[in-house]
Amino acid sequence: MSNLLEIKNLSYSRNLHSILENFNLEIPQGQIVGLLGANGAGKTTVMRLIAGSFLYRRGTISVQNSQTVAERKSKVSFTEQASHLEMNAPLSKIGDFYNEIYEDFNLTNFKQLLAELGLKIDQKLNQLSKGNYRKFVIAVTLARNVDLYLLDEPFDGIDSMSRKKIIASIISWKPDSATILVSDHHVADIANLLDSVVVIKNKKVIAKEAANTIREELGQDIETYYESYYGEENDD
Ligand SMILES: Nc1ncnc2c1ncn2[C@@H]1O[C@H](COP(=O)(O)OP(=O)(O)OP(=O)(O)O)[C@@H](O)[C@H]1O
């Protein structure tokens, strides 16, 4: 299986504060991978670096063998890109807007995802509750046809029954070739979605394991596996 995402020896600092050091990560095509770590571990930063919203000086990031920011941007759909939208616009207009700016946007899929998530196309963005807004962000992110989807805490503010429904929608929507990196603090809730997990701590990937191995060979659930690595960050 070829790697869709390859991050090699990545180091990244912000305002002289080192956030990632010699960070390495490989993700095969077609997998749904949970990016786990405590608050401040660097999950959002890693996604911003992959998506090209943050620039790095040391190391390499390649998505489907593309390393330039412009090429990566065309291959990645990131939940954070759904910001700075016209809040007074109905979802139909936002769909049309995305359809104009992204060649890979699939309007039919967008409408279908909205319907599956219980949202109406004529609702205005500023009329959505926090949870429904998050559902819209998931729909607009997944409606692009790209190699890699970055979902940063996509279920934040969504009630647990809706989470289950959304996770079922993602599983049924996902094309075999699509790769998803998803962060979430409610590990148990997303466990069924995941093919593997990656744990970030002390600026690095400290653990990476297939979900099947965790369950069948280690005899643990994913939350217990994660908790065995969770703890205080080193203050170095
Ligand atoms: N502008 C900044 N200058 C310096 N350090 C920053 C800046 N913004 C973020 N950081 C630091 O970067 C680190 C990683 O933050 P990041 O948001 O990526 O973590 P996270 O794992 O996504 O956290 P959370 O789970 O709380 O969302 C944190 O230690 C944070 O303090």
# chains A, B, ... in the order shown; residues from 1 in each chain; ligands from 1
>>> residues_near_ligand(ligand="ligand 1", cutoff="7 Å", atoms="only C-alpha atoms and all ligand atoms", output="MDAnalysis selection string")
chainID A and resid 14:15 17 19 37:46
>>> select_by_dssp(residues="chain A", states="strand (DSSP E or B)", output="PyMOL selection string")
chain A and resi 3-14+17-28+32-36+58-63+66+76-78+90+105+124+144+148-152+179-183+196-201+204-210
>>> write_last_selection(atoms="C-alpha atoms", output="CSV table (one decimal), in the first residue's frame")
chain,number,residue,atom,x,y,z
A,3,ASN,CA,1.6,6.3,1.5
A,4,LEU,CA,-0.7,9.1,0.8
A,5,LEU,CA,0.8,11.4,3.4
A,6,GLU,CA,4.5,11.5,4.3
A,7,ILE,CA,5.9,13.9,6.9
A,8,LYS,CA,9.6,13.6,7.4
A,9,ASN,CA,11.8,15.3,10.1
A,10,LEU,CA,9.4,18.2,10.4
A,11,SER,CA,10.3,20.9,12.9
A,12,TYR,CA,8.1,23.9,13.5
A,13,SER,CA,8.3,26.9,15.8
A,14,ARG,CA,5.9,29.8,16.4
A,17,HIS,CA,8.2,28.5,20.8
A,18,SER,CA,9.0,25.0,19.5
A,19,ILE,CA,5.8,23.1,18.7
A,20,LEU,CA,7.0,20.1,16.6
A,21,GLU,CA,10.5,18.6,16.5
A,22,ASN,CA,11.7,15.9,14.1
A,23,PHE,CA,8.0,14.9,13.6
A,24,ASN,CA,7.5,11.9,11.3
A,25,LEU,CA,4.3,10.4,10.1
A,26,GLU,CA,3.2,8.1,7.2
A,27,ILE,CA,-0.4,7.4,6.4
A,28,PRO,CA,-1.4,4.9,3.7
A,32,ILE,CA,-9.2,6.8,8.5
A,33,VAL,CA,-6.6,7.8,11.1
A,34,GLY,CA,-7.3,9.3,14.5
A,35,LEU,CA,-4.8,12.1,15.5
A,36,LEU,CA,-4.9,12.0,19.3
A,58,ARG,CA,12.6,22.2,8.3
A,59,GLY,CA,11.5,18.8,7.1
A,60,THR,CA,9.2,17.8,4.3
A,61,ILE,CA,5.4,17.1,3.9
A,62,SER,CA,4.1,15.4,0.8
A,63,VAL,CA,0.6,14.5,-0.1
A,66,SER,CA,3.4,16.6,-4.0
A,76,VAL,CA,-6.4,18.5,0.8
A,77,SER,CA,-9.8,19.6,2.2
A,78,PHE,CA,-9.6,21.0,5.7
A,90,PRO,CA,-28.4,30.3,2.8
A,105,PHE,CA,-16.4,20.5,-5.4
A,124,LYS,CA,-29.0,30.6,6.6
A,144,ARG,CA,-14.7,18.3,-2.2
A,148,LEU,CA,-6.9,13.8,1.9
A,149,TYR,CA,-9.6,15.2,4.3
A,150,LEU,CA,-8.4,16.9,7.5
A,151,LEU,CA,-11.2,17.0,10.2
A,152,ASP,CA,-10.1,19.0,13.2
A,179,THR,CA,-7.9,9.2,3.3
A,180,ILE,CA,-9.1,11.0,6.5
A,181,LEU,CA,-7.1,12.4,9.4
A,182,VAL,CA,-9.4,13.2,12.2
A,183,SER,CA,-8.7,14.7,15.7
A,196,SER,CA,-5.5,3.4,13.0
A,197,VAL,CA,-4.5,5.9,15.6
A,198,VAL,CA,-1.5,8.3,16.0
A,199,VAL,CA,-0.6,9.8,19.4
A,200,ILE,CA,1.3,13.1,19.6
A,201,LYS,CA,3.1,14.0,22.7
A,204,LYS,CA,6.5,14.1,18.2
A,205,VAL,CA,4.5,11.1,17.2
A,206,ILE,CA,5.0,8.7,20.1
A,207,ALA,CA,2.7,5.9,19.1
A,208,LYS,CA,1.0,4.7,16.0
A,209,GLU,CA,-1.0,1.5,15.8
A,210,ALA,CA,-3.7,-0.2,13.7
>>> select_by_dssp(residues="region 54-157 of chain A", states="alpha helix (DSSP H)", output="PyMOL selection string")
chain A and resi 69-75+91-101+107-116+130-142
>>> atom_distance(atom1="CA of Asp189 (chain A)", atom2="CA of Glu227 (chain A)")
14.4 Å
>>> atom_distance(atom1="CA of Gln67 (chain A)", atom2="CA of His84 (chain A)")
26.5 Å
>>> residues_around(residues="Lys111 (chain A)", least_positions_apart="5", cutoff="10 Å", atoms="only C-alpha atoms", output="PDB file with C-alpha atoms, in the first residue's frame")
ATOM      1  CA  LEU A  91     -26.505  26.992   2.534  1.00  0.00           C
ATOM      2  CA  SER A  92     -27.521  26.752  -1.148  1.00  0.00           C
ATOM      3  CA  GLY A  95     -22.696  25.517  -2.038  1.00  0.00           C
ATOM      4  CA  ASN A 106     -19.379  18.157  -5.904  1.00  0.00           C
ATOM      5  CA  GLU A 116     -28.235  13.093   5.597  1.00  0.00           C
ATOM      6  CA  LEU A 117     -27.102  15.361   8.422  1.00  0.00           C
ATOM      7  CA  LEU A 119     -29.832  20.289   7.418  1.00  0.00           C
ATOM      8  CA  LYS A 120     -32.034  22.211   5.007  1.00  0.00           C
ATOM      9  CA  ILE A 121     -30.490  23.880   1.969  1.00  0.00           C
ATOM     10  CA  ALA A 139     -20.625  18.484   4.708  1.00  0.00           C
ATOM     11  CA  VAL A 140     -18.784  21.277   2.907  1.00  0.00           C
ATOM     12  CA  ALA A 143     -18.102  17.490  -0.619  1.00  0.00           C
TER      13      ALA A 143
END
>>> closest_residue(among="A:Asp156, A:Asp147, A:Asp221, A:Glu216", to="Arg72 (chain A)", atoms="only C-alpha atoms")
A:Asp147
>>> closest_residue(among="A:Glu223, A:Asp104, A:Asp96, A:Glu80", to="Leu194 (chain A)", atoms="only C-alpha atoms")
A:Glu223
